[in-house]
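The structure file work_32.cif is reproduced below (mmCIF, C-alpha atoms).
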```
data_final
#
loop_
_atom_site.label_atom_id
_atom_site.label_comp_id
_atom_site.auth_asym_id
_atom_site.auth_seq_id
_atom_site.Cartn_x
_atom_site.Cartn_y
_atom_site.Cartn_z
CA MET A 1 -42.02 -11.98 -15.22
CA THR A 2 -44.81 -12.39 -17.74
CA THR A 3 -47.39 -15.12 -17.45
CA GLN A 4 -47.54 -17.63 -20.25
CA GLY A 5 -50.11 -16.67 -22.84
CA GLU A 6 -50.21 -12.99 -21.83
CA PRO A 7 -48.96 -10.44 -24.33
CA GLU A 8 -45.47 -9.16 -23.57
CA VAL A 9 -45.32 -5.67 -22.06
CA SER A 10 -41.85 -4.21 -21.93
CA ASP A 11 -40.38 -2.60 -18.83
CA ALA A 12 -40.11 0.61 -20.84
CA ALA A 13 -43.84 0.53 -21.62
CA LEU A 14 -44.64 -0.03 -17.95
CA ALA A 15 -42.29 2.79 -16.99
CA ALA A 16 -44.07 5.12 -19.41
CA ARG A 17 -47.41 4.21 -17.83
CA VAL A 18 -46.00 4.82 -14.33
CA ARG A 19 -44.80 8.19 -15.54
CA ALA A 20 -48.39 8.92 -16.65
CA GLY A 21 -49.70 8.07 -13.14
CA ASP A 22 -51.01 4.54 -13.80
CA HIS A 23 -51.05 2.81 -10.37
CA ALA A 24 -51.68 -0.65 -11.86
CA ALA A 25 -48.50 -0.25 -13.89
CA GLU A 26 -46.62 0.61 -10.68
CA ALA A 27 -47.68 -2.70 -9.18
CA ASP A 28 -46.62 -4.59 -12.31
CA LEU A 29 -43.26 -2.84 -12.49
CA PHE A 30 -42.67 -3.44 -8.79
CA ARG A 31 -43.29 -7.17 -9.30
CA ARG A 32 -40.68 -7.19 -12.05
CA LEU A 33 -38.03 -4.94 -10.55
CA GLY A 34 -38.35 -6.04 -6.92
CA PRO A 35 -36.78 -9.50 -7.32
CA ARG A 36 -34.06 -8.16 -9.63
CA VAL A 37 -33.08 -5.39 -7.21
CA ARG A 38 -33.15 -7.86 -4.34
CA LEU A 39 -30.67 -10.08 -6.20
CA TYR A 40 -28.41 -7.05 -6.64
CA GLY A 41 -28.68 -6.43 -2.91
CA LEU A 42 -27.93 -10.03 -1.97
CA ARG A 43 -24.94 -10.08 -4.29
CA HIS A 44 -23.44 -6.77 -3.22
CA LEU A 45 -24.57 -6.41 0.40
CA HIS A 46 -24.48 -10.10 1.44
CA ASP A 47 -27.39 -9.61 3.82
CA PRO A 48 -31.05 -10.50 3.16
CA ALA A 49 -32.39 -7.74 5.43
CA ALA A 50 -30.20 -5.13 3.74
CA ALA A 51 -31.33 -6.45 0.34
CA ASP A 52 -34.98 -6.01 1.39
CA ASP A 53 -34.25 -2.43 2.49
CA LEU A 54 -32.53 -1.80 -0.82
CA VAL A 55 -35.61 -2.97 -2.73
CA GLN A 56 -37.87 -0.56 -0.84
CA ASP A 57 -35.55 2.42 -1.28
CA VAL A 58 -34.65 1.82 -4.91
CA ILE A 59 -38.20 1.16 -6.09
CA LEU A 60 -39.59 4.21 -4.29
CA MET A 61 -36.83 6.41 -5.71
CA THR A 62 -37.36 4.96 -9.19
CA PHE A 63 -41.11 5.55 -9.11
CA ASP A 64 -40.60 9.10 -7.81
CA ALA A 65 -38.11 9.75 -10.62
CA LEU A 66 -40.52 8.36 -13.21
CA ARG A 67 -43.44 10.42 -11.98
CA GLU A 68 -41.32 13.57 -11.87
CA GLY A 69 -40.04 12.97 -15.38
CA ARG A 70 -36.42 12.54 -14.29
CA VAL A 71 -36.04 9.29 -16.26
CA ARG A 72 -36.07 10.87 -19.68
CA GLU A 73 -35.72 7.67 -21.68
CA PRO A 74 -37.83 4.76 -20.34
CA ASN A 75 -35.60 2.47 -22.41
CA LEU A 76 -32.75 3.41 -20.09
CA LEU A 77 -34.67 2.38 -16.98
CA ALA A 78 -32.17 -0.41 -16.20
CA SER A 79 -29.30 2.10 -16.17
CA PHE A 80 -31.26 4.39 -13.88
CA VAL A 81 -32.13 1.54 -11.51
CA LEU A 82 -28.52 0.33 -11.48
CA GLY A 83 -27.25 3.82 -10.63
CA THR A 84 -29.82 4.07 -7.85
CA CYS A 85 -28.88 0.61 -6.54
CA ARG A 86 -25.22 1.66 -6.38
CA ARG A 87 -25.94 4.88 -4.50
CA VAL A 88 -28.31 3.29 -1.99
CA ALA A 89 -26.00 0.29 -1.46
CA ALA A 90 -23.07 2.65 -0.86
CA ASN A 91 -25.12 4.52 1.75
CA GLN A 92 -26.05 1.23 3.41
CA ARG A 93 -22.41 0.18 3.52
CA ARG A 94 -21.50 3.46 5.18
CA GLY A 95 -24.26 2.79 7.73
CA VAL A 96 -22.88 -0.69 8.34
CA ALA A 97 -19.39 0.77 8.78
CA ARG A 98 -20.75 3.27 11.33
CA ARG A 99 -22.52 0.48 13.23
CA GLN A 100 -19.33 -1.58 13.18
CA ARG A 101 -17.33 1.32 14.61
CA LEU A 102 -19.93 1.61 17.40
CA LEU A 103 -19.70 -2.11 18.07
CA ASP A 104 -15.90 -1.93 18.13
CA ARG A 105 -16.08 0.94 20.59
CA PHE A 106 -18.81 -0.30 22.91
CA GLY A 107 -18.00 -3.94 22.98
CA PRO A 108 -19.30 -7.30 21.85
CA ASP A 109 -22.37 -7.15 24.11
CA LEU A 110 -24.05 -5.02 21.49
CA ALA A 111 -23.29 -7.42 18.66
CA PRO A 112 -26.23 -9.33 17.20
CA ARG A 113 -26.44 -12.99 18.16
CA PRO A 114 -25.25 -15.30 15.41
CA GLY A 115 -28.21 -16.74 13.58
CA ASP A 116 -28.43 -19.93 11.64
CA ALA A 117 -26.50 -20.34 8.47
CA SER A 118 -29.13 -19.50 5.96
CA GLY A 119 -30.30 -16.00 6.80
CA GLU A 120 -33.60 -16.82 5.17
CA ARG A 121 -35.78 -19.74 4.28
CA PRO A 122 -34.99 -21.21 0.88
CA ALA A 123 -37.95 -21.46 -1.45
CA ILE A 124 -37.05 -24.90 -2.74
CA ASP A 125 -37.74 -28.52 -1.83
CA LEU A 126 -34.98 -29.33 0.65
CA VAL A 127 -35.71 -33.06 0.69
CA HIS A 128 -35.19 -33.24 -3.03
CA LEU A 129 -32.14 -30.98 -2.88
CA ALA A 130 -30.56 -33.34 -0.35
CA ARG A 131 -31.13 -36.21 -2.80
CA CYS A 132 -29.62 -34.17 -5.62
CA LEU A 133 -26.58 -33.38 -3.47
CA GLU A 134 -26.05 -37.08 -2.77
CA ARG A 135 -25.89 -37.67 -6.52
CA LEU A 136 -22.94 -35.31 -6.96
CA SER A 137 -19.40 -36.58 -6.85
CA GLU A 138 -17.59 -36.16 -3.53
CA ARG A 139 -15.51 -33.39 -5.04
CA GLU A 140 -18.51 -31.51 -6.43
CA ARG A 141 -20.37 -31.78 -3.12
CA SER A 142 -17.43 -30.51 -1.09
CA VAL A 143 -16.90 -27.56 -3.42
CA VAL A 144 -20.52 -26.38 -3.33
CA VAL A 145 -20.76 -26.87 0.43
CA LEU A 146 -17.63 -24.83 1.07
CA SER A 147 -18.77 -22.21 -1.46
CA PHE A 148 -22.19 -21.65 0.05
CA TYR A 149 -21.79 -22.64 3.70
CA ALA A 150 -18.29 -21.52 4.53
CA GLU A 151 -18.55 -18.74 1.89
CA ARG A 152 -14.94 -18.99 0.75
CA ASP A 153 -13.52 -17.88 -2.59
CA SER A 154 -12.24 -20.43 -5.04
CA ALA A 155 -8.57 -19.87 -4.18
CA THR A 156 -9.23 -20.58 -0.51
CA ILE A 157 -11.43 -23.57 -1.23
CA GLY A 158 -8.75 -24.90 -3.55
CA SER A 159 -6.13 -24.69 -0.84
CA GLU A 160 -8.47 -26.48 1.58
CA LEU A 161 -9.31 -29.30 -0.80
CA GLY A 162 -6.02 -29.69 -2.65
CA LEU A 163 -7.40 -28.24 -5.90
CA THR A 164 -6.34 -25.34 -8.07
CA GLU A 165 -8.43 -22.17 -8.12
CA GLY A 166 -9.41 -22.83 -11.74
CA ASN A 167 -10.35 -26.40 -10.92
CA VAL A 168 -12.63 -25.22 -8.10
CA ARG A 169 -14.46 -22.91 -10.49
CA VAL A 170 -14.89 -25.62 -13.11
CA VAL A 171 -16.12 -28.12 -10.51
CA ARG A 172 -18.49 -25.51 -9.06
CA HIS A 173 -19.93 -24.66 -12.49
CA ARG A 174 -20.47 -28.34 -13.23
CA ALA A 175 -21.94 -29.10 -9.80
CA LEU A 176 -24.41 -26.21 -9.92
CA ALA A 177 -25.47 -27.08 -13.46
CA ARG A 178 -26.13 -30.64 -12.30
CA LEU A 179 -27.98 -29.50 -9.19
CA ARG A 180 -30.07 -27.08 -11.22
CA GLY A 181 -30.92 -29.80 -13.72
CA CYS A 182 -31.78 -32.20 -10.92
CA MET A 183 -34.03 -29.64 -9.20
CA VAL A 184 -35.71 -28.56 -12.44
CA SER A 185 -36.43 -32.15 -13.42
CA ALA A 186 -38.15 -32.66 -10.06
CA ALA A 187 -40.25 -29.54 -10.55
CA MET B 1 -35.39 -2.82 -21.15
CA THR B 2 -37.69 -5.78 -21.71
CA ALA B 3 -38.68 -8.89 -19.80
CA LYS B 4 -37.35 -11.11 -22.62
CA CYS B 5 -33.64 -11.83 -22.67
CA PRO B 6 -31.99 -10.89 -25.94
CA GLU B 7 -28.69 -12.51 -24.98
CA ALA B 8 -28.87 -14.99 -22.10
CA LEU B 9 -25.92 -15.06 -19.72
CA GLU B 10 -24.33 -18.48 -19.46
CA LEU B 11 -24.55 -20.35 -16.20
CA PRO B 12 -20.78 -20.16 -15.46
CA VAL B 13 -20.94 -16.38 -15.84
CA LEU B 14 -23.82 -16.18 -13.37
CA VAL B 15 -22.01 -18.48 -10.94
CA ASP B 16 -18.76 -16.49 -11.12
CA TYR B 17 -20.73 -13.26 -10.76
CA TRP B 18 -22.44 -14.55 -7.64
CA PHE B 19 -19.19 -15.59 -6.03
CA GLY B 20 -17.46 -12.32 -6.89
CA GLU B 21 -15.07 -13.91 -9.34
CA LEU B 22 -15.70 -11.68 -12.36
CA GLU B 23 -13.61 -8.64 -13.16
CA GLU B 24 -15.21 -5.35 -12.14
CA ALA B 25 -16.20 -4.35 -15.67
CA ASN B 26 -17.89 -7.70 -16.23
CA THR B 27 -19.62 -7.49 -12.86
CA GLU B 28 -21.11 -4.13 -13.84
CA ARG B 29 -22.20 -5.53 -17.19
CA VAL B 30 -23.94 -8.45 -15.46
CA ASP B 31 -25.49 -6.11 -12.85
CA GLU B 32 -27.10 -4.08 -15.59
CA HIS B 33 -28.19 -7.11 -17.57
CA LEU B 34 -29.85 -8.70 -14.55
CA LEU B 35 -31.76 -5.53 -13.72
CA ALA B 36 -33.30 -5.67 -17.19
CA CYS B 37 -33.79 -9.39 -17.66
CA ASP B 38 -36.33 -11.69 -16.04
CA ASP B 39 -34.93 -14.81 -17.70
CA CYS B 40 -31.38 -14.42 -16.39
CA SER B 41 -32.37 -12.98 -13.01
CA GLY B 42 -34.79 -15.92 -12.67
CA THR B 43 -31.97 -18.36 -13.39
CA LEU B 44 -29.76 -16.66 -10.82
CA GLN B 45 -32.59 -16.62 -8.29
CA HIS B 46 -32.91 -20.37 -8.72
CA LEU B 47 -29.18 -20.78 -8.11
CA VAL B 48 -29.38 -18.54 -5.06
CA GLY B 49 -32.27 -20.65 -3.77
CA ILE B 50 -30.16 -23.77 -4.24
CA GLY B 51 -27.35 -22.06 -2.32
CA GLN B 52 -29.70 -21.16 0.53
CA GLY B 53 -30.87 -24.76 0.57
CA ILE B 54 -27.28 -26.04 0.69
CA ARG B 55 -26.54 -23.71 3.61
CA ARG B 56 -29.62 -24.93 5.44
CA LEU B 57 -28.90 -28.61 4.78
CA SER B 58 -25.23 -28.19 5.71
CA HIS B 59 -26.32 -26.54 8.94
CA GLU B 60 -28.54 -29.53 9.68
CA GLY B 61 -25.91 -32.12 8.72
CA ALA B 62 -28.42 -33.47 6.24
CA PHE B 63 -25.88 -35.15 3.95
CA SER B 64 -22.39 -36.58 4.13
CA ALA B 65 -19.44 -34.67 2.70
CA VAL B 66 -15.70 -34.32 2.86
CA VAL B 67 -15.23 -30.99 4.61
CA SER B 68 -12.36 -28.78 5.69
CA PRO B 69 -11.16 -27.10 8.90
CA TRP B 70 -12.85 -23.89 7.74
CA PHE B 71 -16.17 -25.65 7.44
CA LEU B 72 -15.85 -26.73 11.06
CA ASP B 73 -14.81 -23.22 12.15
CA THR B 74 -17.84 -21.77 10.39
CA ALA B 75 -20.16 -24.33 11.98
CA ARG B 76 -18.77 -23.58 15.45
CA GLN B 77 -19.11 -19.83 14.91
CA ARG B 78 -22.74 -20.45 14.02
CA GLY B 79 -23.28 -22.22 17.29
CA LEU B 80 -23.46 -25.83 16.10
CA ARG B 81 -22.54 -28.61 18.51
CA ILE B 82 -20.10 -30.90 16.76
CA ARG B 83 -19.25 -34.38 17.99
CA GLU B 84 -15.80 -35.24 16.65
CA TYR B 85 -13.76 -38.43 16.60
CA THR B 86 -10.11 -38.36 15.64
CA VAL B 87 -8.64 -41.71 14.67
CA PRO B 88 -4.99 -42.53 13.89
CA PRO B 89 -4.05 -45.12 11.25
CA GLY B 90 -5.07 -48.56 12.48
CA GLY B 91 -7.11 -46.98 15.25
CA ARG B 92 -10.46 -48.02 16.69
CA VAL B 93 -12.94 -45.72 18.39
CA GLU B 94 -16.13 -46.26 20.34
CA CYS B 95 -18.60 -43.75 18.96
CA THR B 96 -22.20 -42.63 19.13
CA VAL B 97 -24.44 -39.70 18.36
CA THR B 98 -26.91 -38.06 20.72
CA ALA B 99 -29.93 -35.84 20.35
CA GLU B 100 -27.79 -32.86 21.42
CA ASP B 101 -25.35 -33.25 18.51
CA ASP B 102 -25.84 -31.10 15.42
CA LEU B 103 -22.98 -32.56 13.40
CA LEU B 104 -20.91 -35.74 13.57
CA VAL B 105 -17.41 -35.50 12.16
CA SER B 106 -14.65 -38.07 11.76
CA HIS B 107 -10.99 -37.07 11.41
CA LEU B 108 -9.04 -39.83 9.70
CA ARG B 109 -5.35 -39.20 10.27
CA GLY B 110 -2.58 -40.54 8.05
CA ASP B 111 0.46 -39.80 5.98
CA PHE B 112 -0.90 -38.94 2.56
CA SER B 113 2.16 -37.08 1.32
CA GLY B 114 3.30 -37.90 -2.19
CA LEU B 115 -0.02 -39.47 -3.18
CA SER B 116 -1.84 -38.41 -6.32
CA ARG B 117 -5.24 -39.87 -5.49
CA LEU B 118 -6.90 -41.08 -2.33
CA ASP B 119 -10.00 -43.32 -2.28
CA LEU B 120 -12.17 -44.30 0.67
CA VAL B 121 -13.81 -47.69 1.13
CA ALA B 122 -16.49 -47.93 3.81
CA GLN B 123 -17.79 -51.31 4.94
CA PRO B 124 -20.21 -52.07 7.75
CA GLU B 125 -19.49 -55.42 9.39
CA GLY B 126 -21.12 -58.12 7.29
CA GLY B 127 -22.25 -55.57 4.73
CA PRO B 128 -21.16 -54.51 1.24
CA GLU B 129 -18.27 -52.20 0.47
CA GLN B 130 -18.91 -48.69 -0.71
CA ARG B 131 -16.10 -46.87 -2.48
CA VAL B 132 -15.65 -43.12 -2.87
CA GLU B 133 -13.03 -42.26 -5.46
CA ASP B 134 -10.64 -39.33 -5.64
CA LEU B 135 -11.41 -37.61 -2.38
CA PRO B 136 -11.16 -33.82 -2.35
CA VAL B 137 -8.53 -33.37 0.34
CA ASP B 138 -5.30 -31.46 0.76
CA LEU B 139 -3.01 -34.49 0.86
CA SER B 140 -0.27 -32.54 2.62
CA ARG B 141 -2.50 -31.98 5.66
CA GLY B 142 -2.43 -35.59 6.85
CA GLU B 143 -6.10 -35.67 7.72
CA LEU B 144 -9.38 -36.46 5.99
CA ILE B 145 -12.42 -34.81 7.59
CA LEU B 146 -15.76 -36.51 6.99
CA ALA B 147 -19.05 -34.94 8.01
CA GLN B 148 -21.59 -37.72 8.37
CA SER B 149 -25.21 -37.56 7.32
CA MET B 150 -27.05 -37.05 10.62
CA PRO B 151 -30.34 -38.61 9.48
CA VAL B 152 -28.45 -41.73 8.36
CA VAL B 153 -26.30 -41.98 11.49
CA ARG B 154 -29.25 -41.38 13.81
CA ALA B 155 -31.12 -44.24 12.17
CA MET B 156 -28.19 -46.67 12.40
CA PRO B 157 -28.29 -49.65 14.77
CA THR B 158 -25.33 -50.55 16.96
CA HIS B 159 -22.69 -51.85 14.53
CA VAL B 160 -19.04 -51.75 13.51
CA LEU B 161 -17.95 -49.75 10.45
CA ARG B 162 -14.53 -50.05 8.83
CA TYR B 163 -12.93 -47.44 6.66
CA ARG B 164 -9.95 -48.10 4.43
CA LEU B 165 -8.02 -45.34 2.72
CA LEU B 166 -6.42 -46.46 -0.53
CA ALA B 167 -3.82 -44.76 -2.69
CA HIS B 168 -4.70 -45.27 -6.32
CA ASP B 169 -2.32 -44.91 -9.24
CA ALA B 170 -1.43 -46.67 -12.47
CA GLY B 171 -0.17 -49.64 -10.46
CA GLY B 172 -3.54 -50.12 -8.79
CA ASP B 173 -4.60 -49.75 -5.16
CA ARG B 174 -2.36 -49.58 -2.10
CA LEU B 175 -3.68 -49.60 1.45
CA ILE B 176 -2.74 -46.46 3.34
CA ALA B 177 -4.63 -46.93 6.58
CA GLU B 178 -7.61 -48.65 8.21
CA TYR B 179 -9.96 -47.24 10.84
CA THR B 180 -12.65 -48.93 12.90
CA PHE B 181 -15.71 -47.19 14.29
CA ALA B 182 -17.72 -49.18 16.86
CA HIS B 183 -21.00 -47.31 16.84
CA THR B 184 -23.42 -47.60 19.72
CA ARG B 185 -26.94 -46.48 19.07
CA SER B 186 -27.91 -44.05 21.79
CA LEU B 187 -31.15 -42.68 20.42
CA PRO B 188 -34.53 -44.31 20.99
#
```

Encoding of this model in structure tokens:
Amino acid sequence: MTTQGEPEVSDAALAARVRAGDHAAEADLFRRLGPRVRLYGLRHLHDPAAADDLVQDVILMTFDALREGRVREPNLLASFVLGTCRRVAANQRRGVARRQRLLDRFGPDLAPRPGDASGERPAIDLVHLARCLERLSERERSVVVLSFYAERDSATIGSELGLTEGNVRVVRHRALARLRGCMVSAA
Amino acid sequence: MTAKCPEALELPVLVDYWFGELEEANTERVDEHLLACDDCSGTLQHLVGIGQGIRRLSHEGAFSAVVSPWFLDTARQRGLRIREYTVPPGGRVECTVTAEDDLLVSHLRGDFSGLSRLDLVAQPEGGPEQRVEDLPVDLSRGELILAQSMPVVRAMPTHVLRYRLLAHDAGGDRLIAEYTFAHTRSLP
């Protein structure tokens, strides 16, 4: 992300500089791509540790490809990164499947202990978030809690709360927009 | 690929993407957009942070909410100790909360079938009424599950709290059931 007041440098321009061996550009591009790749990992792998591994692998592979001239069009960097994310994530899933087969075979003693609900520490003001949650309607609060804590899809949440699937999605959109507004106003 | 977003994704799209409720082609489109866009990935990161915060606060029982059996199953699987009170219509229960409890949950039983809207009125003895309208509950289940705010409950003195469940329709309110919780403070 660019800092206010600094001139905009495109990802493509940074990629071209990485290709030319500029180490400072590597650091800048890493700062940009790292959080984006991590989001991809969280969304598709549902595991913060796996998302962190994905960031390392994808960025290293991307920088190698840039240096070796395998990304012919720096403007297509996003497509290259996406393709790399997919391949690495698929490999990780296969690894998870192998581990699961081992766990199934050798018993629950090998299974990791259940951790707390979050998986990682949120980088937001929890006291203020609790206040923002109290300002939601009962319906909005229940929907976001079941979405994030119980991690259910909207059809399942709807059946639990006596709502339609479409209604759950609308309520969730509205609730998250309100929460975001409430959190942003505090910041 | 630039850091500026040429065409910002709307919040509902990001939310549906995060919860896996977009079609595959749209998911791929959003994947690619987010890998190229600081603005939209920043917005999604903020939402994800809010989600992490909600998980953490839910885990700590930091706020009150109407929850579901699955919420309780998830909390148990995650090792939380849940103190539960189940009260039939007209019932009274002696209740408390201890330092060992992670969550405090009330099950208000009743026949809610055929109702279109259910409201809850809470009133501590000698105190004002507080009404929660249009509760999110599967009315066919015959049970309302309330997770209490642990910080609030832990700070409460010994007191009596009455709940009334009201059916609400064009004709007004109709009492469905009353419940009495006699709370004893057990924490210093």

Written as a PyMOL selection string, what is the full residue list that the PyMOL selection byres ((chain B and resi 81-90) around 6) yields on the file shown? chain B and resi 80+91+101-110+177-179

With C-alpha atoms retained, export the selected residues as a compact mmCIF listing (two decimals), in the coordinates of the input.
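out_25.txt, freshly written:
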```txt
# COMPACT_ATOMS: atom_id res chain seq x y z
CA LEU B 80 -23.46 -25.83 16.10
CA GLY B 91 -7.11 -46.98 15.25
CA ASP B 101 -25.35 -33.25 18.51
CA ASP B 102 -25.84 -31.10 15.42
CA LEU B 103 -22.98 -32.56 13.40
CA LEU B 104 -20.91 -35.74 13.57
CA VAL B 105 -17.41 -35.50 12.16
CA SER B 106 -14.65 -38.07 11.76
CA HIS B 107 -10.99 -37.07 11.41
CA LEU B 108 -9.04 -39.83 9.70
CA ARG B 109 -5.35 -39.20 10.27
CA GLY B 110 -2.58 -40.54 8.05
CA ALA B 177 -4.63 -46.93 6.58
CA GLU B 178 -7.61 -48.65 8.21
CA TYR B 179 -9.96 -47.24 10.84
```

Contact residues (chain B, partner chain A, 6 Å, all atoms listed in the file) as a list in words: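 Result: Met1, Thr2, Pro12, Leu35, Ala36, Asp38, Gly49, Gly51, Gln52, Gly53, Arg55, Arg56, Ala65, Val66, Phe71, Thr74, Arg78, Pro136, Val137 and Asp138 of chain B.
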
Create the file for the chosen residues now, containing C-alpha atoms and written as a PDB file, in the frame of the given file.
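This is the output file result.pdb:
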```
ATOM      1  CA  MET B   1     -35.390  -2.820 -21.150  1.00  0.00           C
ATOM      2  CA  THR B   2     -37.690  -5.780 -21.710  1.00  0.00           C
ATOM      3  CA  PRO B  12     -20.780 -20.160 -15.460  1.00  0.00           C
ATOM      4  CA  LEU B  35     -31.760  -5.530 -13.720  1.00  0.00           C
ATOM      5  CA  ALA B  36     -33.300  -5.670 -17.190  1.00  0.00           C
ATOM      6  CA  ASP B  38     -36.330 -11.690 -16.040  1.00  0.00           C
ATOM      7  CA  GLY B  49     -32.270 -20.650  -3.770  1.00  0.00           C
ATOM      8  CA  GLY B  51     -27.350 -22.060  -2.320  1.00  0.00           C
ATOM      9  CA  GLN B  52     -29.700 -21.160   0.530  1.00  0.00           C
ATOM     10  CA  GLY B  53     -30.870 -24.760   0.570  1.00  0.00           C
ATOM     11  CA  ARG B  55     -26.540 -23.710   3.610  1.00  0.00           C
ATOM     12  CA  ARG B  56     -29.620 -24.930   5.440  1.00  0.00           C
ATOM     13  CA  ALA B  65     -19.440 -34.670   2.700  1.00  0.00           C
ATOM     14  CA  VAL B  66     -15.700 -34.320   2.860  1.00  0.00           C
ATOM     15  CA  PHE B  71     -16.170 -25.650   7.440  1.00  0.00           C
ATOM     16  CA  THR B  74     -17.840 -21.770  10.390  1.00  0.00           C
ATOM     17  CA  ARG B  78     -22.740 -20.450  14.020  1.00  0.00           C
ATOM     18  CA  PRO B 136     -11.160 -33.820  -2.350  1.00  0.00           C
ATOM     19  CA  VAL B 137      -8.530 -33.370   0.340  1.00  0.00           C
ATOM     20  CA  ASP B 138      -5.300 -31.460   0.760  1.00  0.00           C
TER      21      ASP B 138
END
```

Of the listed residues A:Leu60, A:Leu136, A:Leu66, A:Leu54, that which approaches Gly21 in chain A most closely, counting only C-alpha atoms: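 Checking each of A:Leu60, A:Leu136, A:Leu66, A:Leu54 against Gly21 in chain A, counting only C-alpha atoms, the winner is A:Leu66.
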
Skipping near chain neighbours, those fewer than 4 positions away, what residues fall within 10 Å of Leu14 in chain B using all atoms listed in the file, listed as a PyMOL selection string? (chain A and resi 173) or (chain B and resi 9-10+18-22+27+30+34+40-41+43-44+47)

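Interatomic distance, CA of Cys182 in chain A to CA of Pro124 in chain B: 29.6 Å.
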
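Close to (-12.7, -31.1, 4.4), meaning no more than 6 Å away when counting only C-alpha atoms, sit the residues Val66, Val67, Ser68 and Ile145 of chain B.
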
For the residues in the current selection, export C-alpha atoms as an mmCIF file, in the coordinates of the input.
```
data_model
loop_
_atom_site.group_PDB
_atom_site.id
_atom_site.type_symbol
_atom_site.label_atom_id
_atom_site.label_comp_id
_atom_site.auth_asym_id
_atom_site.auth_seq_id
_atom_site.Cartn_x
_atom_site.Cartn_y
_atom_site.Cartn_z
ATOM 1 C CA VAL B 66 -15.700 -34.320 2.860
ATOM 2 C CA VAL B 67 -15.230 -30.990 4.610
ATOM 3 C CA SER B 68 -12.360 -28.780 5.690
ATOM 4 C CA ILE B 145 -12.420 -34.810 7.590
#
```

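Going from CA of Ala155 in chain B over to CA of Arg185 in chain B, you cover 8.4 Å.
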
How far is it from CA of Arg162 in chain B to CA of Ala122 in chain B, in Å with one decimal? 5.8 Å

Box centre and edge lengths (Å, one decimal), axis-aligned, range 96-99 of chain B plus 5 Å each side, as lines of an AutoDock Vina configuration file:
```
center_x = -26.1
center_y = -39.2
center_z = 19.5
size_x = 17.7
size_y = 16.8
size_z = 12.4
```

List the neighbours of Arg141 in chain B out to 9 Å using all atoms listed in the file; skip same-chain residues closer than 6 positions along the sequence, and give me the result as a VMD selection string. chain B and resid 110 to 113

Using all atoms listed in the file for the distances, tell me which of A:Ala186, A:Val88, A:Ala155, A:Ala25 is nearest to Met61 in chain A.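 Closest to Met61 in chain A of all the choices is A:Val88.
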
Using the chain letters and residue numbers of this document, give as a PyMOL selection string the residues selected by the PyMOL selection byres ((chain B and resi 181) around 7). chain B and resi 92-95+160-162+179-180+182-183

Starting from the incomplete input, reconstruct N, CA and C atoms of range 25-37 of chain A and report them as a compact mmCIF listing (two decimals), keeping the file's coordinate frame.
```txt
# COMPACT_ATOMS: atom_id res chain seq x y z
N ALA A 25 -49.81 -0.04 -13.28
CA ALA A 25 -48.50 -0.25 -13.89
C ALA A 25 -47.41 -0.23 -12.82
N GLU A 26 -47.59 0.58 -11.79
CA GLU A 26 -46.62 0.61 -10.68
C GLU A 26 -46.52 -0.77 -10.04
N ALA A 27 -47.68 -1.37 -9.82
CA ALA A 27 -47.68 -2.70 -9.18
C ALA A 27 -46.97 -3.72 -10.07
N ASP A 28 -47.26 -3.65 -11.38
CA ASP A 28 -46.62 -4.59 -12.31
C ASP A 28 -45.10 -4.38 -12.35
N LEU A 29 -44.71 -3.12 -12.40
CA LEU A 29 -43.26 -2.84 -12.49
C LEU A 29 -42.56 -3.23 -11.19
N PHE A 30 -43.24 -3.03 -10.08
CA PHE A 30 -42.67 -3.44 -8.79
C PHE A 30 -42.43 -4.95 -8.77
N ARG A 31 -43.44 -5.71 -9.28
CA ARG A 31 -43.29 -7.17 -9.30
C ARG A 31 -42.11 -7.60 -10.15
N ARG A 32 -41.82 -6.84 -11.20
CA ARG A 32 -40.68 -7.19 -12.05
C ARG A 32 -39.35 -6.76 -11.42
N LEU A 33 -39.31 -5.48 -11.00
CA LEU A 33 -38.03 -4.94 -10.55
C LEU A 33 -37.64 -5.43 -9.16
N GLY A 34 -38.65 -5.66 -8.31
CA GLY A 34 -38.35 -6.04 -6.92
C GLY A 34 -37.39 -7.22 -6.80
N PRO A 35 -37.69 -8.35 -7.44
CA PRO A 35 -36.78 -9.50 -7.32
C PRO A 35 -35.39 -9.23 -7.92
N ARG A 36 -35.36 -8.45 -9.00
CA ARG A 36 -34.06 -8.16 -9.63
C ARG A 36 -33.20 -7.29 -8.71
N VAL A 37 -33.84 -6.27 -8.11
CA VAL A 37 -33.08 -5.39 -7.21
C VAL A 37 -32.65 -6.17 -5.97
```
